[in-house]
Structures are given as C-alpha cells and as structure tokens.
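The data block below is target00.csv; it holds CSV, N, CA and C atoms.
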chain,number,residue,atom,x,y,z
A,1,MET,N,1.3,-63.9,69.3
A,1,MET,CA,2.7,-64.1,69.4
A,1,MET,C,3.1,-63.8,70.9
A,2,ARG,N,2.4,-62.8,71.5
A,2,ARG,CA,2.7,-62.5,72.9
A,2,ARG,C,2.5,-63.7,73.8
A,3,ALA,N,1.5,-64.4,73.6
A,3,ALA,CA,1.2,-65.6,74.5
A,3,ALA,C,2.3,-66.7,74.3
A,4,VAL,N,2.8,-66.9,73.1
A,4,VAL,CA,3.9,-67.9,72.8
A,4,VAL,C,5.1,-67.3,73.5
A,5,ASN,N,5.4,-66.1,73.4
A,5,ASN,CA,6.6,-65.4,74.0
A,5,ASN,C,6.5,-65.7,75.5
A,6,ARG,N,5.4,-65.4,76.1
A,6,ARG,CA,5.2,-65.6,77.6
A,6,ARG,C,5.4,-67.0,78.0
A,7,ASP,N,4.8,-68.0,77.3
A,7,ASP,CA,4.9,-69.4,77.6
A,7,ASP,C,6.3,-69.9,77.5
A,8,LEU,N,7.0,-69.5,76.4
A,8,LEU,CA,8.4,-69.9,76.3
A,8,LEU,C,9.3,-69.3,77.4
A,9,THR,N,9.1,-68.0,77.7
A,9,THR,CA,9.9,-67.3,78.7
A,9,THR,C,9.7,-68.0,80.1
A,10,PHE,N,8.4,-68.4,80.4
A,10,PHE,CA,8.2,-69.1,81.7
A,10,PHE,C,8.7,-70.5,81.7
A,11,ALA,N,9.0,-71.0,80.5
A,11,ALA,CA,9.6,-72.4,80.4
A,11,ALA,C,11.1,-72.3,80.4
A,12,GLY,N,11.7,-71.1,80.6
A,12,GLY,CA,13.1,-70.9,80.8
A,12,GLY,C,13.8,-70.7,79.5
A,13,ILE,N,13.1,-70.4,78.4
A,13,ILE,CA,13.7,-70.1,77.1
A,13,ILE,C,13.9,-68.7,76.8
A,14,ILE,N,15.0,-68.2,76.4
A,14,ILE,CA,15.2,-66.8,76.0
A,14,ILE,C,14.6,-66.6,74.6
A,15,VAL,N,13.7,-65.7,74.6
A,15,VAL,CA,13.0,-65.4,73.3
A,15,VAL,C,13.4,-64.1,72.7
A,16,VAL,N,13.9,-64.2,71.5
A,16,VAL,CA,14.3,-63.0,70.7
A,16,VAL,C,13.2,-62.8,69.7
A,17,ALA,N,12.2,-62.0,70.1
A,17,ALA,CA,11.0,-61.9,69.2
A,17,ALA,C,11.1,-60.7,68.3
A,18,PRO,N,10.4,-60.8,67.1
A,18,PRO,CA,10.4,-59.6,66.2
A,18,PRO,C,9.7,-58.4,66.8
A,19,GLY,N,10.1,-57.2,66.3
A,19,GLY,CA,9.5,-56.0,66.7
A,19,GLY,C,8.0,-55.9,66.2
A,20,GLU,N,7.2,-55.3,67.0
A,20,GLU,CA,5.8,-55.1,66.6
A,20,GLU,C,5.4,-53.7,66.6
A,21,ALA,N,4.6,-53.3,65.7
A,21,ALA,CA,4.1,-51.9,65.6
A,21,ALA,C,2.6,-51.9,65.5
A,22,ASP,N,1.9,-51.2,66.4
A,22,ASP,CA,0.4,-51.2,66.3
A,22,ASP,C,-0.1,-50.1,65.3
A,23,GLU,N,0.8,-49.2,64.9
A,23,GLU,CA,0.5,-48.2,64.0
A,23,GLU,C,1.2,-48.4,62.6
A,24,LEU,N,0.7,-47.7,61.6
A,24,LEU,CA,1.4,-47.8,60.3
A,24,LEU,C,2.8,-47.3,60.4
A,25,ILE,N,3.7,-48.0,59.7
A,25,ILE,CA,5.1,-47.6,59.7
A,25,ILE,C,5.5,-47.2,58.3
A,26,THR,N,6.6,-46.4,58.3
A,26,THR,CA,7.1,-45.9,57.0
A,26,THR,C,7.9,-47.1,56.3
A,27,ASP,N,8.1,-46.9,55.0
A,27,ASP,CA,8.9,-47.8,54.2
A,27,ASP,C,10.3,-48.0,54.8
A,28,GLU,N,10.9,-46.9,55.3
A,28,GLU,CA,12.2,-46.9,55.9
A,28,GLU,C,12.2,-47.8,57.2
A,29,GLN,N,11.1,-47.6,58.0
A,29,GLN,CA,11.0,-48.4,59.2
A,29,GLN,C,10.8,-49.8,58.9
A,30,LYS,N,10.0,-50.1,57.9
A,30,LYS,CA,9.8,-51.5,57.5
A,30,LYS,C,11.1,-52.2,57.1
A,31,THR,N,11.9,-51.4,56.3
A,31,THR,CA,13.2,-52.0,55.8
A,31,THR,C,14.1,-52.2,57.0
A,32,ALA,N,14.2,-51.3,58.0
A,32,ALA,CA,15.0,-51.4,59.2
A,32,ALA,C,14.5,-52.6,60.0
A,33,LEU,N,13.2,-52.8,60.2
A,33,LEU,CA,12.7,-53.9,61.0
A,33,LEU,C,13.0,-55.3,60.3
A,34,ASP,N,12.9,-55.3,58.9
A,34,ASP,CA,13.2,-56.5,58.2
A,34,ASP,C,14.6,-56.9,58.4
A,35,ALA,N,15.6,-56.0,58.4
A,35,ALA,CA,17.0,-56.3,58.6
A,35,ALA,C,17.2,-56.7,60.0
A,36,LEU,N,16.6,-56.0,61.0
A,36,LEU,CA,16.7,-56.4,62.4
A,36,LEU,C,16.2,-57.8,62.7
A,37,HIS,N,15.1,-58.2,62.1
A,37,HIS,CA,14.6,-59.5,62.3
A,37,HIS,C,15.6,-60.6,61.8
A,38,LEU,N,16.3,-60.3,60.7
A,38,LEU,CA,17.3,-61.3,60.2
A,38,LEU,C,18.5,-61.4,61.2
A,39,ARG,N,18.9,-60.2,61.8
A,39,ARG,CA,20.0,-60.3,62.8
A,39,ARG,C,19.5,-61.0,64.0
A,40,LYS,N,18.3,-60.9,64.4
A,40,LYS,CA,17.7,-61.7,65.6
A,40,LYS,C,17.8,-63.2,65.3
A,41,ILE,N,17.5,-63.5,64.0
A,41,ILE,CA,17.6,-65.0,63.6
A,41,ILE,C,19.0,-65.4,63.8
A,42,ASP,N,20.0,-64.6,63.4
A,42,ASP,CA,21.4,-64.9,63.6
A,42,ASP,C,21.7,-65.2,65.0
A,43,LEU,N,21.1,-64.6,66.0
A,43,LEU,CA,21.4,-64.8,67.4
A,43,LEU,C,20.7,-66.1,67.9
A,44,ALA,N,19.8,-66.6,67.2
A,44,ALA,CA,19.0,-67.7,67.7
A,44,ALA,C,19.6,-69.0,67.5
A,45,ASP,N,19.2,-70.0,68.4
A,45,ASP,CA,19.6,-71.4,68.2
A,45,ASP,C,18.6,-72.1,67.3
A,46,ARG,N,17.3,-71.6,67.3
A,46,ARG,CA,16.3,-72.2,66.5
A,46,ARG,C,15.2,-71.1,66.3
A,47,VAL,N,14.3,-71.4,65.4
A,47,VAL,CA,13.2,-70.4,65.0
A,47,VAL,C,11.9,-71.1,65.2
A,48,LEU,N,11.0,-70.4,65.9
A,48,LEU,CA,9.6,-70.9,66.0
A,48,LEU,C,8.8,-69.9,65.3
A,49,VAL,N,8.1,-70.3,64.2
A,49,VAL,CA,7.2,-69.4,63.5
A,49,VAL,C,5.8,-69.5,64.1
A,50,VAL,N,5.3,-68.3,64.6
A,50,VAL,CA,4.0,-68.2,65.1
A,50,VAL,C,3.1,-67.9,63.9
A,51,ASN,N,2.3,-68.9,63.5
A,51,ASN,CA,1.5,-68.7,62.3
A,51,ASN,C,0.1,-69.2,62.5
A,52,PRO,N,-0.7,-68.4,63.1
A,52,PRO,CA,-2.1,-68.8,63.4
A,52,PRO,C,-2.8,-69.2,62.2
A,53,GLY,N,-3.5,-70.4,62.3
A,53,GLY,CA,-4.2,-70.9,61.1
A,53,GLY,C,-3.4,-71.4,60.0
A,54,GLY,N,-2.1,-71.4,60.1
A,54,GLY,CA,-1.2,-71.8,59.0
A,54,GLY,C,-0.7,-70.7,58.1
A,55,TYR,N,-1.2,-69.5,58.4
A,55,TYR,CA,-0.9,-68.4,57.5
A,55,TYR,C,0.6,-68.0,57.6
A,56,ILE,N,1.2,-67.8,56.4
A,56,ILE,CA,2.6,-67.3,56.4
A,56,ILE,C,2.7,-66.2,55.4
A,57,GLY,N,3.0,-65.0,55.8
A,57,GLY,CA,3.0,-63.8,54.9
A,57,GLY,C,4.4,-63.7,54.3
A,58,GLU,N,4.5,-62.7,53.4
A,58,GLU,CA,5.7,-62.5,52.6
A,58,GLU,C,6.9,-62.3,53.4
A,59,SER,N,6.9,-61.4,54.4
A,59,SER,CA,8.1,-61.1,55.3
A,59,SER,C,8.4,-62.4,56.1
A,60,THR,N,7.5,-63.1,56.6
A,60,THR,CA,7.8,-64.3,57.4
A,60,THR,C,8.4,-65.3,56.5
A,61,ARG,N,7.9,-65.5,55.3
A,61,ARG,CA,8.4,-66.4,54.3
A,61,ARG,C,9.9,-66.1,54.0
A,62,ARG,N,10.2,-64.8,53.9
A,62,ARG,CA,11.6,-64.4,53.6
A,62,ARG,C,12.5,-64.8,54.9
A,63,GLU,N,11.9,-64.6,56.1
A,63,GLU,CA,12.7,-64.9,57.3
A,63,GLU,C,12.9,-66.4,57.4
A,64,ILE,N,11.9,-67.2,57.1
A,64,ILE,CA,12.0,-68.6,57.1
A,64,ILE,C,13.1,-69.1,56.1
A,65,ASP,N,13.1,-68.5,54.9
A,65,ASP,CA,14.1,-68.8,53.9
A,65,ASP,C,15.5,-68.5,54.5
A,66,TYR,N,15.6,-67.3,55.1
A,66,TYR,CA,16.9,-66.9,55.7
A,66,TYR,C,17.3,-67.9,56.8
A,67,ALA,N,16.4,-68.2,57.7
A,67,ALA,CA,16.7,-69.1,58.8
A,67,ALA,C,17.2,-70.5,58.3
A,68,HIS,N,16.5,-71.0,57.3
A,68,HIS,CA,16.9,-72.2,56.6
A,68,HIS,C,18.2,-72.2,56.0
A,69,ALA,N,18.5,-71.1,55.3
A,69,ALA,CA,19.8,-70.9,54.6
A,69,ALA,C,21.0,-70.8,55.6
A,70,THR,N,20.7,-70.4,56.9
A,70,THR,CA,21.7,-70.3,57.9
A,70,THR,C,21.8,-71.5,58.8
A,71,GLY,N,20.9,-72.5,58.4
A,71,GLY,CA,21.0,-73.8,59.1
A,71,GLY,C,20.2,-73.9,60.4
A,72,LYS,N,19.3,-72.9,60.7
A,72,LYS,CA,18.6,-72.9,61.9
A,72,LYS,C,17.4,-73.9,61.9
A,73,PRO,N,17.2,-74.7,62.9
A,73,PRO,CA,16.0,-75.5,62.9
A,73,PRO,C,14.8,-74.6,63.0
A,74,ILE,N,13.8,-75.0,62.3
A,74,ILE,CA,12.5,-74.2,62.2
A,74,ILE,C,11.3,-75.1,62.5
A,75,SER,N,10.5,-74.5,63.4
A,75,SER,CA,9.2,-75.2,63.7
A,75,SER,C,8.1,-74.2,63.7
A,76,PHE,N,6.9,-74.7,63.7
A,76,PHE,CA,5.7,-73.8,63.5
A,76,PHE,C,4.7,-74.1,64.6
A,77,THR,N,4.0,-73.1,65.0
A,77,THR,CA,2.9,-73.3,66.0
A,77,THR,C,1.7,-74.0,65.4
A,78,ASP,N,1.4,-73.7,64.1
A,78,ASP,CA,0.3,-74.4,63.3
A,78,ASP,C,0.9,-75.0,62.1
A,79,PRO,N,0.3,-76.0,61.6
A,79,PRO,CA,0.8,-76.6,60.3
A,79,PRO,C,0.8,-75.5,59.2
A,80,ALA,N,1.9,-75.4,58.5
A,80,ALA,CA,2.1,-74.4,57.5
A,80,ALA,C,1.8,-75.1,56.1
A,81,PRO,N,1.2,-74.4,55.2
A,81,PRO,CA,0.9,-74.9,53.9
A,81,PRO,C,2.2,-75.1,53.1
A,82,ARG,N,2.4,-76.2,52.5
A,82,ARG,CA,3.6,-76.5,51.8
A,82,ARG,C,3.9,-75.4,50.7
A,83,CYS,N,2.9,-74.9,50.0
A,83,CYS,CA,3.2,-73.9,49.0
A,83,CYS,C,3.6,-72.6,49.5
A,84,ASN,N,3.4,-72.3,50.8
A,84,ASN,CA,3.9,-71.1,51.3
A,84,ASN,C,5.2,-71.1,52.0
A,85,VAL,N,5.8,-72.3,52.1
A,85,VAL,CA,7.1,-72.4,52.7
A,85,VAL,C,8.1,-73.0,51.6
A,86,VAL,N,8.8,-72.1,51.0
A,86,VAL,CA,9.5,-72.5,49.8
A,86,VAL,C,11.0,-72.2,50.0
A,87,ARG,N,11.9,-73.1,49.6
A,87,ARG,CA,13.3,-72.9,49.6
A,87,ARG,C,13.7,-72.4,48.2
A,88,ARG,N,14.5,-71.4,48.2
A,88,ARG,CA,14.9,-70.9,46.9
A,88,ARG,C,15.6,-71.9,46.0
A,89,GLY,N,15.0,-72.1,44.8
A,89,GLY,CA,15.7,-73.0,43.9
A,89,GLY,C,15.4,-74.5,44.2
A,90,SER,N,14.6,-74.8,45.2
A,90,SER,CA,14.4,-76.2,45.6
A,90,SER,C,13.0,-76.6,45.5
A,91,GLY,N,12.0,-75.7,45.3
A,91,GLY,CA,10.6,-76.1,45.3
A,91,GLY,C,10.1,-76.2,46.7
A,92,PRO,N,8.9,-76.7,46.8
A,92,PRO,CA,8.3,-76.7,48.2
A,92,PRO,C,9.0,-77.6,49.1
A,93,ARG,N,9.1,-77.1,50.4
A,93,ARG,CA,9.7,-77.9,51.4
A,93,ARG,C,8.7,-79.0,51.9
A,94,SER,N,9.2,-80.2,52.1
A,94,SER,CA,8.4,-81.2,52.6
A,94,SER,C,8.7,-81.5,54.1
A,95,GLN,N,7.7,-81.1,54.9
A,95,GLN,CA,7.9,-81.4,56.4
A,95,GLN,C,6.5,-82.0,56.9
A,96,GLY,N,5.9,-82.8,56.1
A,96,GLY,CA,4.6,-83.3,56.5
A,96,GLY,C,3.6,-82.3,56.4
A,97,LEU,N,3.8,-81.3,55.6
A,97,LEU,CA,2.8,-80.2,55.5
A,97,LEU,C,1.8,-80.5,54.4
A,98,HIS,N,0.6,-80.0,54.5
A,98,HIS,CA,-0.5,-80.4,53.6
A,98,HIS,C,-0.8,-79.3,52.6
A,99,ALA,N,-0.6,-79.6,51.3
A,99,ALA,CA,-0.9,-78.7,50.3
A,99,ALA,C,-2.3,-78.2,50.2
A,100,HIS,N,-3.3,-79.0,50.7
A,100,HIS,CA,-4.7,-78.5,50.6
A,100,HIS,C,-4.9,-77.4,51.6
A,101,GLN,N,-4.0,-77.0,52.4
A,101,GLN,CA,-4.2,-75.9,53.3
A,101,GLN,C,-3.8,-74.6,52.6
A,102,CYS,N,-3.2,-74.7,51.5
A,102,CYS,CA,-2.7,-73.5,50.8
A,102,CYS,C,-3.8,-72.4,50.6
A,103,ASP,N,-4.9,-72.8,50.0
A,103,ASP,CA,-5.9,-71.8,49.6
A,103,ASP,C,-6.5,-71.2,50.9
A,104,ALA,N,-6.8,-72.0,51.9
A,104,ALA,CA,-7.4,-71.4,53.1
A,104,ALA,C,-6.4,-70.5,53.8
A,105,ALA,N,-5.2,-70.9,53.8
A,105,ALA,CA,-4.2,-70.0,54.5
A,105,ALA,C,-3.9,-68.7,53.8
A,106,ALA,N,-4.0,-68.8,52.5
A,106,ALA,CA,-3.8,-67.5,51.7
A,106,ALA,C,-4.9,-66.5,52.0
A,107,GLN,N,-6.1,-67.0,52.4
A,107,GLN,CA,-7.2,-66.1,52.7
A,107,GLN,C,-7.2,-65.6,54.1
A,108,ASN,N,-6.3,-66.1,55.0
A,108,ASN,CA,-6.3,-65.8,56.4
A,108,ASN,C,-5.6,-64.4,56.5
A,109,PRO,N,-6.3,-63.5,57.1
A,109,PRO,CA,-5.8,-62.1,57.3
A,109,PRO,C,-4.9,-62.0,58.5
A,110,GLN,N,-4.7,-63.0,59.3
A,110,GLN,CA,-3.9,-62.9,60.5
A,110,GLN,C,-2.4,-62.9,60.1
A,111,ALA,N,-1.6,-62.2,60.8
A,111,ALA,CA,-0.2,-62.1,60.5
A,111,ALA,C,0.6,-63.3,61.2
A,112,SER,N,1.6,-63.7,60.6
A,112,SER,CA,2.5,-64.7,61.2
A,112,SER,C,3.9,-64.1,61.5
A,113,HIS,N,4.6,-64.5,62.5
A,113,HIS,CA,5.9,-64.0,62.8
A,113,HIS,C,6.8,-65.1,63.3
A,114,PRO,N,8.0,-65.1,62.9
A,114,PRO,CA,8.9,-66.1,63.5
A,114,PRO,C,9.5,-65.5,64.8
A,115,SER,N,9.5,-66.3,65.9
A,115,SER,CA,10.2,-65.9,67.1
A,115,SER,C,11.5,-66.7,67.2
A,116,ALA,N,12.6,-66.0,67.3
A,116,ALA,CA,13.9,-66.7,67.4
A,116,ALA,C,14.1,-67.1,68.9
A,117,CYS,N,14.5,-68.3,69.1
A,117,CYS,CA,14.6,-68.8,70.5
A,117,CYS,C,16.0,-69.3,70.8
A,118,ARG,N,16.4,-69.0,72.0
A,118,ARG,CA,17.6,-69.6,72.5
A,118,ARG,C,17.3,-70.5,73.6
A,119,ALA,N,17.7,-71.7,73.6
A,119,ALA,CA,17.4,-72.7,74.6
A,119,ALA,C,18.4,-72.6,75.7
Is it possible to give me this structure as structure tokens?
Amino acid sequence: MRAVNRDLTFAGIIVVAPGEADELITDEQKTALDALHLRKIDLADRVLVVNPGGYIGESTRREIDYAHATGKPISFTDPAPRCNVVRRGSGPRSQGLHAHQCDAAAQNPQASHPSACRA
C-alpha cells in the first residue's frame, strides 16, 4: 500500500490512506479505525482498493460496500474475485471479475486496503 500511496502522490494525487498498525490493536482501536476509514472514504473523490493477489478481507469488503453505497467510483490494483465483492441485497458485483479466483484469493494471507483518492 505504501508503494501505491507514493506513486499516486508523485503523480499529483492527494491520497487519504487508511491507518496502519504494525502491532496488535485493541477492539476499541479497531472500531475507531473502522469508523475513521469510512470518514476518509467520505472525503474521497474515488476509492482505489490495494488488494495484492486479488485478496479482499472482511474490513475492506465493508469499506467497498460503503464506498459503493455513497456512489464513489471504485477500482482495484489487482483483479478482485467476484464472490468477495458483494453489494448488499444485490448479489455479486459484475465488473469483469473472475469467479474462479475466489478460492485462491480466500487462501491469500496478505491484507488488502482501500486508499481513498482525491484527484
């Protein structure tokens, strides 16, 4: 995520990236970060999901749902599995994503994070 942040910044884009913690955080800190990430999405013109290998975790999926519900354009650094990007009440989103990536992505231990961008 840091490399994407750097590249976008050097391209003249204001990046509002999610907070990162290298150590374990408390449940209260997790709740606060989750809420803060949604506020950052509110500030953004669009959302870029940094998802190495197509992996999308639970928090990122919730943030993608929120960004979509607020009408933010969403793009991904890697193709995202269709089964992992779901709109509430609408079934899988179709953006040319490949369902066969689902199982491989579910096994990927790398974290994904949306970076909110302002052009």
* **Nearest to A:Pro73, chosen from A:Arg2, A:Lys30, A:Arg61, A:Arg46, with all atoms listed in the file counted in the distances** =>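 Among A:Arg2, A:Lys30, A:Arg61, A:Arg46, it is A:Arg46 that comes nearest to A:Pro73.
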* Asked: What gap, in Å, lies between atom N of A:Pro79 and atom C of A:Gly54?
  -> 6.4 Å
* Rounded to one decimal in Å, what is the spacing between atom CA of A:Pro52 and atom CA of A:Asp78? -> 6.1 Å
* From A:Tyr66, A:Gly71, A:Thr31, A:Ile41, residue lying nearest A:Val16 [all atoms listed in the file] ->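 The closest residue to A:Val16 is A:Ile41.
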* Asked: Hey, can you check how far atom C of A:Ser59 sits from atom N of A:Ile14?
  -> 22.1 Å
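For A:Leu33, the list of residues within 8 Å, based on all atoms listed in the file and with local chain neighbours fewer than 6 positions off taken out, reads Pro18, Gly19, Asp27 and Arg39 of chain A.
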* To do: Check the smallest atom-to-atom distance from each of A:Ala35, A:His68, A:Ile25, A:Ala80 to A:Gly53 using only C-alpha atoms, then report the winner.
  =>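 When distances to A:Gly53 are compared using only C-alpha atoms, the smallest one comes from A:Ala80.
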* **Long-range neighbours of A:Asp42 as number ranges by chain, 8 Å cut-off, only N, CA and C atoms, 3 positions minimum in chain** => A: 36-39, 45, 66-67, 70, 116
